[in-house]
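S.K.: See coords-v6.pdb below, with PDB, C-alpha atoms.
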```pdb
MODEL        1
ATOM      1  CA  MET M  26      25.277  32.804 -10.025
ATOM      2  CA  PRO M  27      22.588  34.232 -12.357
ATOM      3  CA  LYS M  28      18.971  33.665 -11.465
ATOM      4  CA  THR M  29      16.885  31.319 -13.580
ATOM      5  CA  ILE M  30      13.206  30.530 -13.314
ATOM      6  CA  SER M  31      13.909  26.992 -14.509
ATOM      7  CA  SER M  32      15.951  26.088 -11.417
ATOM      8  CA  SER M  33      14.745  22.832  -9.902
ATOM      9  CA  LEU M  34      14.332  21.598  -6.372
ATOM     10  CA  LYS M  35      17.311  19.307  -6.987
ATOM     11  CA  GLU M  36      19.536  22.257  -7.961
ATOM     12  CA  VAL M  37      18.524  24.163  -4.834
ATOM     13  CA  ALA M  38      19.382  21.129  -2.700
ATOM     14  CA  ARG M  39      22.790  20.774  -4.362
ATOM     15  CA  TYR M  40      23.552  24.497  -3.978
ATOM     16  CA  ALA M  41      22.621  24.455  -0.277
ATOM     17  CA  ALA M  42      24.373  21.096   0.315
ATOM     18  CA  VAL M  43      21.237  19.504   1.783
ATOM     19  CA  SER M  44      18.763  16.816   0.682
ATOM     20  CA  ILE M  45      15.753  17.516  -1.513
ATOM     21  CA  ALA M  46      13.519  16.482   1.364
ATOM     22  CA  THR M  47      15.118  19.199   3.522
ATOM     23  CA  VAL M  48      14.445  21.826   0.854
ATOM     24  CA  SER M  49      10.807  20.716   0.782
ATOM     25  CA  ARG M  50      10.557  21.024   4.547
ATOM     26  CA  VAL M  51      12.001  24.543   4.464
ATOM     27  CA  ILE M  52       9.578  25.587   1.701
ATOM     28  CA  ASN M  53       6.699  24.251   3.784
ATOM     29  CA  ALA M  54       7.965  26.049   6.921
ATOM     30  CA  ASP M  55       8.678  22.914   8.935
ATOM     31  CA  PRO M  56       9.671  24.159  12.434
ATOM     32  CA  LYS M  57      11.891  21.101  12.975
ATOM     33  CA  VAL M  58      14.485  22.355  10.454
ATOM     34  CA  LYS M  59      17.499  23.989  12.097
ATOM     35  CA  ALA M  60      17.716  27.752  11.691
ATOM     36  CA  GLU M  61      21.119  27.714   9.955
ATOM     37  CA  THR M  62      19.923  25.022   7.527
ATOM     38  CA  ALA M  63      16.778  26.996   6.723
ATOM     39  CA  LEU M  64      18.885  30.107   6.073
ATOM     40  CA  ALA M  65      21.182  28.181   3.699
ATOM     41  CA  VAL M  66      18.203  26.849   1.752
ATOM     42  CA  GLN M  67      16.518  30.261   1.603
ATOM     43  CA  LYS M  68      19.751  31.790   0.321
ATOM     44  CA  ALA M  69      19.988  29.095  -2.388
ATOM     45  CA  ILE M  70      16.363  29.716  -3.409
ATOM     46  CA  LYS M  71      17.081  33.449  -3.721
ATOM     47  CA  GLU M  72      20.372  33.014  -5.594
ATOM     48  CA  LEU M  73      18.931  30.525  -8.069
ATOM     49  CA  GLY M  74      15.628  32.315  -8.512
ATOM     50  CA  TYR M  75      13.731  29.143  -7.671
ATOM     51  CA  ARG M  76       9.964  29.543  -7.475
ATOM     52  CA  PRO M  77       8.318  26.909  -5.245
ATOM     53  CA  ASN M  78       5.138  25.465  -6.690
ATOM     54  CA  ARG M  79       2.216  26.937  -4.802
ATOM     55  CA  VAL M  80      -0.385  24.461  -6.043
ATOM     56  CA  ALA M  81       0.700  21.825  -3.541
ATOM     57  CA  GLN M  82       0.777  24.385  -0.752
ATOM     58  CA  ARG M  83      -2.760  25.565  -1.555
ATOM     59  CA  LEU M  84      -3.991  21.960  -1.620
ATOM     60  CA  ARG M  85      -2.530  21.406   1.826
ATOM     61  CA  ALA M  86      -3.920  24.675   3.133
ATOM     62  CA  THR M  87      -7.545  23.780   2.332
ATOM     63  CA  THR M  88      -7.682  21.493   5.346
ATOM     64  CA  ALA M  89      -5.515  21.476   8.431
ATOM     65  CA  ARG M  90      -2.555  19.101   8.188
ATOM     66  CA  ARG M  91      -3.606  17.860   4.735
ATOM     67  CA  ARG M  92      -1.019  15.653   3.048
ATOM     68  CA  LEU M  93      -0.250  15.301  -0.636
ATOM     69  CA  VAL M  94       0.851  12.052  -2.322
ATOM     70  CA  GLY M  95       1.570  11.084  -5.918
ATOM     71  CA  LEU M  96       0.304   8.013  -7.787
ATOM     72  CA  LEU M  97       1.923   6.984 -11.080
ATOM     73  CA  ILE M  98       0.179   4.340 -13.190
ATOM     74  CA  PRO M  99       1.178   2.805 -16.569
ATOM     75  CA  ASP M 100      -2.089   2.955 -18.538
ATOM     76  CA  ILE M 101      -5.317   4.598 -17.425
ATOM     77  CA  ARG M 102      -7.188   2.796 -20.244
ATOM     78  CA  ASN M 103      -6.735  -0.448 -18.322
ATOM     79  CA  PRO M 104      -9.663  -1.054 -15.901
ATOM     80  CA  TYR M 105      -7.282  -2.854 -13.532
ATOM     81  CA  TYR M 106      -5.383   0.386 -12.919
ATOM     82  CA  VAL M 107      -8.658   2.269 -12.513
ATOM     83  CA  ASP M 108      -9.443  -0.109  -9.639
ATOM     84  CA  ILE M 109      -6.029   0.629  -8.126
ATOM     85  CA  ILE M 110      -6.671   4.372  -8.404
ATOM     86  CA  ARG M 111     -10.002   3.996  -6.585
ATOM     87  CA  GLY M 112      -8.384   2.009  -3.794
ATOM     88  CA  VAL M 113      -5.570   4.519  -3.287
ATOM     89  CA  GLU M 114      -7.779   7.597  -3.552
ATOM     90  CA  GLU M 115     -10.489   6.362  -1.191
ATOM     91  CA  TYR M 116      -7.990   5.359   1.493
ATOM     92  CA  ALA M 117      -6.088   8.627   1.068
ATOM     93  CA  TYR M 118      -9.279  10.688   1.348
ATOM     94  CA  SER M 119     -10.173   8.919   4.573
ATOM     95  CA  GLN M 120      -6.762   9.996   5.909
ATOM     96  CA  ASN M 121      -7.176  13.656   4.913
ATOM     97  CA  THR M 122      -4.770  13.263   1.975
ATOM     98  CA  THR M 123      -4.963  14.552  -1.597
ATOM     99  CA  VAL M 124      -3.718  12.360  -4.480
ATOM    100  CA  ILE M 125      -2.071  13.666  -7.662
ATOM    101  CA  ILE M 126      -2.371  11.037 -10.440
ATOM    102  CA  GLY M 127       0.034  10.700 -13.351
ATOM    103  CA  ASN M 128      -0.600   8.329 -16.283
ATOM    104  CA  PHE M 129       2.704   7.608 -18.038
ATOM    105  CA  SER M 130       1.284   5.318 -20.768
ATOM    106  CA  GLN M 131       4.078   2.722 -20.450
ATOM    107  CA  ASP M 132       6.555   5.443 -21.488
ATOM    108  CA  PRO M 133       9.665   5.529 -19.230
ATOM    109  CA  SER M 134      10.574   9.092 -20.269
ATOM    110  CA  LYS M 135       7.083  10.267 -19.363
ATOM    111  CA  GLU M 136       7.332   8.414 -16.062
ATOM    112  CA  GLU M 137      10.620  10.211 -15.311
ATOM    113  CA  LEU M 138       8.988  13.550 -16.088
ATOM    114  CA  TYR M 139       6.113  12.840 -13.693
ATOM    115  CA  ILE M 140       8.538  11.814 -10.957
ATOM    116  CA  ASP M 141      10.352  15.152 -11.373
ATOM    117  CA  ILE M 142       7.070  17.069 -11.345
ATOM    118  CA  LEU M 143       5.823  15.323  -8.211
ATOM    119  CA  ARG M 144       9.162  15.925  -6.531
ATOM    120  CA  SER M 145       8.883  19.648  -7.331
ATOM    121  CA  GLU M 146       5.368  19.604  -5.875
ATOM    122  CA  SER M 147       6.937  18.465  -2.580
ATOM    123  CA  VAL M 148       4.698  15.418  -2.253
ATOM    124  CA  ASP M 149       4.831  13.616   1.076
ATOM    125  CA  GLY M 150       5.169  10.237  -0.653
ATOM    126  CA  LEU M 151       4.758   8.347  -3.906
ATOM    127  CA  ILE M 152       2.999   5.170  -5.051
ATOM    128  CA  VAL M 153       4.361   4.000  -8.396
ATOM    129  CA  ALA M 154       4.148   1.084 -10.829
ATOM    130  CA  THR M 155       7.772   1.493 -11.764
ATOM    131  CA  THR M 156       9.838   0.203 -14.680
ATOM    132  CA  PRO M 157      13.485  -0.945 -14.836
ATOM    133  CA  SER M 158      14.487   2.198 -16.750
ATOM    134  CA  THR M 159      13.295   4.464 -13.927
ATOM    135  CA  GLU M 160      14.593   2.286 -11.114
ATOM    136  CA  GLN M 161      17.549   4.590 -10.429
ATOM    137  CA  LYS M 162      15.298   7.644 -10.217
ATOM    138  CA  VAL M 163      12.988   5.898  -7.747
ATOM    139  CA  GLU M 164      15.983   4.797  -5.678
ATOM    140  CA  GLN M 165      17.118   8.425  -5.535
ATOM    141  CA  LEU M 166      13.726   9.436  -4.146
ATOM    142  CA  ILE M 167      14.100   6.882  -1.362
ATOM    143  CA  GLU M 168      17.653   8.024  -0.612
ATOM    144  CA  ASP M 169      16.390  11.602  -0.397
ATOM    145  CA  GLY M 170      13.913  10.593   2.274
ATOM    146  CA  ILE M 171      10.744  10.555   0.151
ATOM    147  CA  PRO M 172       8.600   7.503   1.053
ATOM    148  CA  VAL M 173       7.885   5.233  -1.934
ATOM    149  CA  VAL M 174       5.576   2.226  -2.331
ATOM    150  CA  CYS M 175       5.831   0.126  -5.501
ATOM    151  CA  ILE M 176       2.513  -1.239  -6.707
ATOM    152  CA  ASP M 177       1.826  -3.983  -9.281
ATOM    153  CA  ARG M 178       5.539  -4.322 -10.006
ATOM    154  CA  GLY M 179       8.534  -4.953  -7.816
ATOM    155  CA  LEU M 180      12.178  -4.603  -8.765
ATOM    156  CA  LYS M 181      14.719  -6.970  -7.239
ATOM    157  CA  SER M 182      17.342  -4.319  -6.535
ATOM    158  CA  LEU M 183      14.854  -1.756  -5.233
ATOM    159  CA  LYS M 184      14.509  -1.693  -1.451
ATOM    160  CA  ALA M 185      10.988  -0.360  -1.122
ATOM    161  CA  ASP M 186       7.560  -1.439   0.104
ATOM    162  CA  VAL M 187       5.789  -3.492  -2.570
ATOM    163  CA  VAL M 188       2.183  -4.549  -3.195
ATOM    164  CA  LYS M 189       1.662  -6.884  -6.146
ATOM    165  CA  THR M 190      -0.177  -9.916  -7.477
ATOM    166  CA  ASP M 191       1.418 -13.358  -7.545
ATOM    167  CA  ASN M 192       1.700 -13.177 -11.324
ATOM    168  CA  GLU M 193       3.434 -16.503 -11.792
ATOM    169  CA  LEU M 194       0.738 -18.311  -9.813
ATOM    170  CA  GLY M 195      -1.995 -16.615 -11.848
ATOM    171  CA  ALA M 196      -0.376 -17.708 -15.111
ATOM    172  CA  ILE M 197      -0.014 -21.258 -13.785
ATOM    173  CA  MET M 198      -3.730 -21.286 -12.908
ATOM    174  CA  ALA M 199      -4.765 -20.084 -16.364
ATOM    175  CA  THR M 200      -2.502 -22.410 -18.325
ATOM    176  CA  THR M 201      -3.218 -25.443 -16.146
ATOM    177  CA  HIS M 202      -6.952 -24.907 -16.586
ATOM    178  CA  LEU M 203      -6.549 -25.051 -20.355
ATOM    179  CA  ILE M 204      -4.361 -28.162 -20.089
ATOM    180  CA  ASN M 205      -6.953 -29.858 -17.887
ATOM    181  CA  LEU M 206      -9.516 -29.213 -20.633
ATOM    182  CA  GLY M 207      -7.328 -31.181 -23.057
ATOM    183  CA  HIS M 208      -5.367 -28.402 -24.785
ATOM    184  CA  LYS M 209      -1.723 -29.073 -25.606
ATOM    185  CA  ARG M 210      -0.943 -26.322 -28.143
ATOM    186  CA  ILE M 211      -1.499 -23.188 -26.081
ATOM    187  CA  ALA M 212      -0.265 -19.820 -27.337
ATOM    188  CA  HIS M 213       0.679 -17.044 -24.945
ATOM    189  CA  ILE M 214       0.263 -13.377 -25.874
ATOM    190  CA  ALA M 215       2.630 -11.684 -23.443
ATOM    191  CA  GLY M 216       3.058  -7.995 -22.669
ATOM    192  CA  ASP M 217       6.007  -5.640 -22.879
ATOM    193  CA  LEU M 218       9.255  -7.465 -22.047
ATOM    194  CA  GLU M 219      10.510  -4.319 -20.267
ATOM    195  CA  ILE M 220       7.897  -4.909 -17.568
ATOM    196  CA  PRO M 221       8.721  -7.346 -14.717
ATOM    197  CA  THR M 222       5.169  -8.753 -14.597
ATOM    198  CA  THR M 223       5.493  -9.922 -18.211
ATOM    199  CA  HIS M 224       8.398 -12.208 -17.324
ATOM    200  CA  GLU M 225       6.577 -13.521 -14.256
ATOM    201  CA  ARG M 226       3.536 -14.484 -16.326
ATOM    202  CA  ILE M 227       5.670 -16.103 -19.027
ATOM    203  CA  ALA M 228       7.419 -18.068 -16.266
ATOM    204  CA  GLY M 229       4.070 -19.279 -14.919
ATOM    205  CA  TYR M 230       2.903 -20.301 -18.405
ATOM    206  CA  LYS M 231       6.102 -22.312 -18.934
ATOM    207  CA  ALA M 232       5.961 -23.843 -15.464
ATOM    208  CA  ALA M 233       2.452 -25.189 -16.086
ATOM    209  CA  LEU M 234       3.481 -26.738 -19.404
ATOM    210  CA  LYS M 235       6.594 -28.278 -17.891
ATOM    211  CA  LYS M 236       4.697 -29.723 -14.930
ATOM    212  CA  ASN M 237       2.263 -31.395 -17.328
ATOM    213  CA  LYS M 238       5.084 -32.707 -19.525
ATOM    214  CA  ILE M 239       4.124 -30.550 -22.505
ATOM    215  CA  LYS M 240       7.058 -29.334 -24.567
ATOM    216  CA  ILE M 241       7.542 -25.554 -24.502
ATOM    217  CA  ASP M 242       7.288 -24.225 -28.036
ATOM    218  CA  PRO M 243       8.941 -20.755 -28.342
ATOM    219  CA  THR M 244       7.013 -20.112 -31.566
ATOM    220  CA  LEU M 245       3.803 -19.994 -29.512
ATOM    221  CA  ILE M 246       5.000 -17.145 -27.261
ATOM    222  CA  TYR M 247       4.352 -13.664 -28.659
ATOM    223  CA  SER M 248       5.154 -10.294 -27.082
ATOM    224  CA  LYS M 249       5.173  -6.643 -28.054
ATOM    225  CA  LYS M 250       3.470  -3.979 -25.943
ATOM    226  CA  SER M 251       0.880  -4.412 -23.210
ATOM    227  CA  ASP M 252      -1.876  -2.694 -25.164
ATOM    228  CA  TYR M 253      -4.955  -3.376 -27.257
ATOM    229  CA  GLU M 254      -3.171  -2.768 -30.552
ATOM    230  CA  SER M 255      -0.569  -5.431 -29.750
ATOM    231  CA  GLY M 256      -3.344  -7.878 -28.891
ATOM    232  CA  VAL M 257      -4.794  -7.355 -32.370
ATOM    233  CA  GLU M 258      -1.442  -7.673 -34.158
ATOM    234  CA  LEU M 259      -0.211 -10.744 -32.290
ATOM    235  CA  THR M 260      -3.506 -12.623 -32.575
ATOM    236  CA  LYS M 261      -3.395 -12.156 -36.356
ATOM    237  CA  LYS M 262       0.052 -13.750 -36.325
ATOM    238  CA  ILE M 263      -1.260 -16.692 -34.340
ATOM    239  CA  LEU M 264      -4.116 -17.222 -36.801
ATOM    240  CA  SER M 265      -1.650 -17.192 -39.704
ATOM    241  CA  LEU M 266       0.165 -20.269 -38.360
ATOM    242  CA  LYS M 267      -0.265 -23.442 -40.405
ATOM    243  CA  ASN M 268      -0.600 -25.478 -37.248
ATOM    244  CA  ARG M 269      -2.771 -23.204 -35.143
ATOM    245  CA  PRO M 270      -2.914 -23.570 -31.369
ATOM    246  CA  THR M 271      -6.261 -24.613 -29.922
ATOM    247  CA  ALA M 272      -6.083 -22.142 -27.039
ATOM    248  CA  VAL M 273      -4.561 -18.794 -26.152
ATOM    249  CA  PHE M 274      -3.640 -17.222 -22.826
ATOM    250  CA  THR M 275      -3.481 -13.409 -22.899
ATOM    251  CA  ALA M 276      -1.394 -11.468 -20.372
ATOM    252  CA  ASN M 277      -3.736  -8.554 -19.601
ATOM    253  CA  ASN M 278      -7.232  -7.319 -20.399
ATOM    254  CA  LEU M 279      -6.195  -4.891 -23.170
ATOM    255  CA  LEU M 280      -4.397  -7.721 -24.964
ATOM    256  CA  THR M 281      -7.493  -9.863 -24.390
ATOM    257  CA  LEU M 282      -9.748  -7.249 -26.004
ATOM    258  CA  GLY M 283      -7.479  -7.093 -29.052
ATOM    259  CA  ALA M 284      -7.427 -10.878 -29.315
ATOM    260  CA  LEU M 285     -11.207 -11.145 -29.046
ATOM    261  CA  GLU M 286     -11.752  -8.572 -31.778
ATOM    262  CA  VAL M 287      -9.570 -10.554 -34.188
ATOM    263  CA  LEU M 288     -11.127 -13.896 -33.273
ATOM    264  CA  HIS M 289     -14.647 -12.555 -33.762
ATOM    265  CA  GLY M 290     -13.602 -10.744 -36.959
ATOM    266  CA  HIS M 291     -12.311 -14.024 -38.412
ATOM    267  CA  LYS M 292     -15.465 -15.805 -37.215
ATOM    268  CA  ILE M 293     -13.445 -18.147 -35.005
ATOM    269  CA  LYS M 294     -15.829 -20.010 -32.736
ATOM    270  CA  ILE M 295     -14.933 -19.595 -29.041
ATOM    271  CA  PRO M 296     -14.182 -21.990 -27.389
ATOM    272  CA  LYS M 297     -14.809 -24.688 -30.028
ATOM    273  CA  GLU M 298     -12.128 -23.496 -32.449
ATOM    274  CA  MET M 299     -10.061 -21.377 -30.062
ATOM    275  CA  ALA M 300     -10.292 -21.299 -26.279
ATOM    276  CA  ILE M 301      -9.159 -18.151 -24.495
ATOM    277  CA  VAL M 302      -8.236 -17.249 -20.919
ATOM    278  CA  GLY M 303      -7.196 -13.733 -19.953
ATOM    279  CA  PHE M 304      -5.129 -12.290 -17.133
ATOM    280  CA  ASP M 305      -7.300  -9.597 -15.458
ATOM    281  CA  ASP M 306     -10.952 -10.023 -14.685
ATOM    282  CA  VAL M 307     -13.124  -6.988 -15.438
ATOM    283  CA  TYR M 308     -16.743  -6.052 -14.913
ATOM    284  CA  TRP M 309     -17.644  -6.626 -18.567
ATOM    285  CA  ALA M 310     -16.210 -10.179 -18.657
ATOM    286  CA  THR M 311     -19.620 -11.775 -17.996
ATOM    287  CA  SER M 312     -21.248  -9.625 -20.706
ATOM    288  CA  LEU M 313     -19.158 -11.199 -23.470
ATOM    289  CA  ASN M 314     -20.456 -14.095 -25.526
ATOM    290  CA  PRO M 315     -19.163 -16.474 -24.363
ATOM    291  CA  ALA M 316     -18.349 -15.064 -20.932
ATOM    292  CA  LEU M 317     -14.595 -14.700 -20.403
ATOM    293  CA  THR M 318     -12.577 -16.985 -18.156
ATOM    294  CA  ALA M 319      -9.976 -14.780 -16.492
ATOM    295  CA  VAL M 320      -7.441 -14.473 -13.686
ATOM    296  CA  LYS M 321      -8.797 -11.987 -11.171
ATOM    297  CA  GLN M 322      -6.441  -9.430  -9.655
ATOM    298  CA  PHE M 323      -7.715  -7.477  -6.686
ATOM    299  CA  GLY M 324      -6.799  -3.984  -7.877
ATOM    300  CA  TYR M 325      -8.965  -2.032  -5.446
ATOM    301  CA  GLU M 326      -7.615  -3.956  -2.465
ATOM    302  CA  MET M 327      -4.059  -3.513  -3.763
ATOM    303  CA  GLY M 328      -4.591   0.245  -3.975
ATOM    304  CA  GLN M 329      -5.908   0.356  -0.428
ATOM    305  CA  GLN M 330      -2.995  -1.724   0.831
ATOM    306  CA  ALA M 331      -0.437   0.440  -0.977
ATOM    307  CA  ALA M 332      -1.903   3.628   0.488
ATOM    308  CA  GLU M 333      -1.901   2.087   3.963
ATOM    309  CA  LEU M 334       1.742   1.018   3.550
ATOM    310  CA  LEU M 335       2.657   4.558   2.496
ATOM    311  CA  TYR M 336       1.054   5.942   5.648
ATOM    312  CA  LYS M 337       2.955   3.459   7.774
ATOM    313  CA  ARG M 338       6.169   4.474   5.991
ATOM    314  CA  LEU M 339       5.443   8.156   6.706
ATOM    315  CA  ALA M 340       4.959   7.308  10.373
ATOM    316  CA  ASN M 341       8.042   5.082  10.588
ATOM    317  CA  PRO M 342      10.607   5.922   7.846
ATOM    318  CA  GLN M 343      13.250   3.565   9.254
ATOM    319  CA  ALA M 344      11.113   0.405   9.229
ATOM    320  CA  PRO M 345      12.340  -2.440   6.969
ATOM    321  CA  PRO M 346      10.584  -2.752   3.554
ATOM    322  CA  THR M 347       7.389  -4.809   3.447
ATOM    323  CA  SER M 348       6.133  -6.960   0.566
ATOM    324  CA  PHE M 349       2.471  -7.893   0.126
ATOM    325  CA  ILE M 350       1.997 -10.597  -2.520
ATOM    326  CA  ILE M 351      -1.726 -11.043  -3.182
ATOM    327  CA  LYS M 352      -3.008 -14.382  -4.449
ATOM    328  CA  PRO M 353      -5.138 -14.124  -7.623
ATOM    329  CA  GLU M 354      -8.266 -16.144  -8.355
ATOM    330  CA  LEU M 355      -9.287 -17.947 -11.550
ATOM    331  CA  MET M 356     -12.844 -16.991 -12.590
ATOM    332  CA  VAL M 357     -14.006 -19.968 -14.691
ATOM    333  CA  ARG M 358     -16.610 -19.160 -17.334
ATOM    334  CA  LYS M 359     -17.379 -20.292 -20.887
ATOM    335  CA  SER M 360     -14.596 -18.901 -23.111
ATOM    336  CA  CYS M 361     -12.318 -21.889 -22.652
ATOM    337  CA  GLY M 362     -15.022 -24.559 -22.440
ATOM    338  CA  THR M 363     -15.937 -26.414 -19.270
ATOM    339  CA  ARG M 364     -15.814 -30.007 -18.237
TER
ENDMDL
END
```
Go ahead and render the structure in this file as structure tokens.
M.R.:
Amino acid sequence: MPKTISSSLKEVARYAAVSIATVSRVINADPKVKAETALAVQKAIKELGYRPNRVAQRLRATTARRRLVGLLIPDIRNPYYVDIIRGVEEYAYSQNTTVIIGNFSQDPSKEELYIDILRSESVDGLIVATTPSTEQKVEQLIEDGIPVVCIDRGLKSLKADVVKTDNELGAIMATTHLINLGHKRIAHIAGDLEIPTTHERIAGYKAALKKNKIKIDPTLIYSKKSDYESGVELTKKILSLKNRPTAVFTANNLLTLGALEVLHGHKIKIPKEMAIVGFDDVYWATSLNPALTAVKQFGYEMGQQAAELLYKRLANPQAPPTSFIIKPELMVRKSCGTR
């Protein structure tokens, strides 16, 4: 077979009839690998012309027994994910571990690319806010013996450790608070429908309306992407309605920022003419005028918990998957009015 510099770790594993994890162990000179297996892998590497990435090896070599883990997040512009990064990185550093961070910008193809890159870097494990389109790729990592922890999002068919917020409960809290203040026409600006958390928050919004015997109006539920630009676009649509809602519940802080810009641009008085509650509490929420009522997610703590779960998985690969569902908190301020 002709040599090719573009050969991947996966191709080497297939050629040697071993798992990708075994190839990684051979590359990193793991003494536990059987001699005949190591020889088969080395032969495959030579035949295919595979060049192991030396960056990961140098990172490990800087400190004795240093580990390397990957962290994939959907949108680094979102302060919530910045908190998660801090939590993961600080725990990892305390455990003599280096973190490689990939921001896939809610793009499944970019997420797949980062997964392949991190696999080629022979990471010891991966923490990922995965999407349905990459579920199969993440499952393959687990089958190949690479420890994976899902953060922020869980997938029903994916048997992996999960750390996430109780999104439905948070949406119930936000919507119920608005109802208790007398609002009956409440719009919901949801995120990307490809993301599991979007459906959970829509479900919580509907559950609160149903419990309070308020008819669910599909024309008051808007969704596009989970970004600032979508918040701007969807809020403009809400303001164009003949029978405007009196309140809006936004599904994340980027959507909230977009909504606030439009409301202020149209000189809509908050909360007198339009009350607003956001999902995600951020450090600048109290600096707004009026201060923003928001559902608080504990991103830093989630990052710490995810990193700890990954370490436990490294120590005990055969343990059953663990789920940590963290209860959010409603931070009541002035943007929706108060009793």
S.K.: What would the selection look like, as a PyMOL selection string, if the PyMOL selection byres ((chain M and resi 142-146) around 7) were run on the coordinates I just shared?
M.R.: chain M and resi 34+78+81+95+138-141+147-148
S.K.: Could you check the closest approach to Gly74 in chain M for each of M:Glu136, M:Glu36, M:Asp55, M:Asp252 and tell me which residue wins, using all atoms listed in the file?
M.R.: M:Glu36
S.K.: Taking (6.5, -17.3, -23.6) in the file's own coordinates, collect the residues within 12 Å, counting only C-alpha atoms, and hand them back as a ChimeraX atom specification.
M.R.: /M:196,200,211-218,223-234,241-249,273-276
S.K.: For Lys35 in chain M, which of M:Ser134, M:Leu166, M:Glu354, M:Pro296 is the closest residue, counting only C-alpha atoms?
M.R.: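 Between M:Ser134, M:Leu166, M:Glu354, M:Pro296, the residue approaching Lys35 in chain M most closely is M:Leu166.
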S.K.: For CA of Val58 in chain M and CA of Glu164 in chain M, determine how far apart the two atoms are, in Å to one decimal place.
M.R.: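 Taking CA of Val58 in chain M and CA of Glu164 in chain M, their separation equals 23.9 Å.
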S.K.: State, in Å with one decimal place, the distance from CA of Thr123 in chain M to CA of Leu335 in chain M.
M.R.: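 We find that CA of Thr123 in chain M and CA of Leu335 in chain M lie 13.2 Å from each other.
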S.K.: Would you compute, for all listed atoms of range 211-216 of chain M, the axis-aligned bounding box grown by 6 Å on each side, and then report its centre and edge lengths in Å rounded to one decimal, as JSON?
M.R.:
```
{"center_x": 0.8, "center_y": -15.6, "center_z": -25.0, "size_x": 16.6, "size_y": 27.2, "size_z": 16.7}
```
S.K.: For Ile101 in chain M, work out the shell of residues within 12 Å, counting only C-alpha atoms and skipping chain neighbours fewer than 3 positions away, then give it as a list in words.
M.R.: Leu96, Leu97, Ile98, Pro104, Tyr105, Tyr106, Val107, Asp108, Ile109, Ile110, Arg111, Ile126, Gly127, Asn128, Phe129, Ser130, Gln131, Asp252 and Leu279 of chain M
S.K.: Once the PyMOL selection byres ((chain M and resi 163) around 10) has been evaluated on this model, what residues remain selected, and can you format them as a list in words?
M.R.: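 So the PyMOL selection byres ((chain M and resi 163) around 10) ends up selecting Glu137, Ile140, Leu151, Val153, Thr155, Thr156, Pro157, Ser158, Thr159, Glu160, Gln161, Lys162, Glu164, Gln165, Leu166, Ile167, Glu168, Asp169, Ile171, Pro172, Val173, Val174, Cys175, Leu183, Lys184 and Ala185 of chain M.
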S.K.: Which one of M:Lys59, M:His208, M:Lys250, M:Lys236 sits closest to Ile301 in chain M if you count all atoms listed in the file?
M.R.: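 Distance minimum relative to Ile301 in chain M lands on M:His208.
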S.K.: Could you list the residues chosen by the PyMOL selection byres ((chain M and resi 115) around 12) in this structure as a VMD selection string?
M.R.: chain M and resid 108 to 114 116 to 124 325 to 326 328 to 333
S.K.: Show me, as a tab-separated table, the residues of range 40-151 of chain M having an atom within 12 Å of range 338-345 of chain M, each with the closest atom pair and its distance in Å, using all atoms listed in the file.
M.R.:
```
residue	atom	partner	partner_atom	distance
M:Arg92	CA	M:Leu339	CA	10.6
M:Leu93	CA	M:Leu339	CA	11.7
M:Val94	CA	M:Leu339	CA	10.9
M:Val148	CA	M:Leu339	CA	11.6
M:Asp149	CA	M:Leu339	CA	7.9
M:Gly150	CA	M:Leu339	CA	7.7
M:Leu151	CA	M:Leu339	CA	10.6
```
S.K.: What separation in Å, quoted to one decimal, exists between CA of Leu334 in chain M and CA of Pro133 in chain M?
M.R.: 24.5 Å
S.K.: Leaving out Thr62 in chain M and any residue of its chain fewer than 6 positions from it, which residues lie within 10 Å of it when counting all atoms listed in the file, given as a ChimeraX atom specification?
M.R.: /M:41-43,47-48,51,68
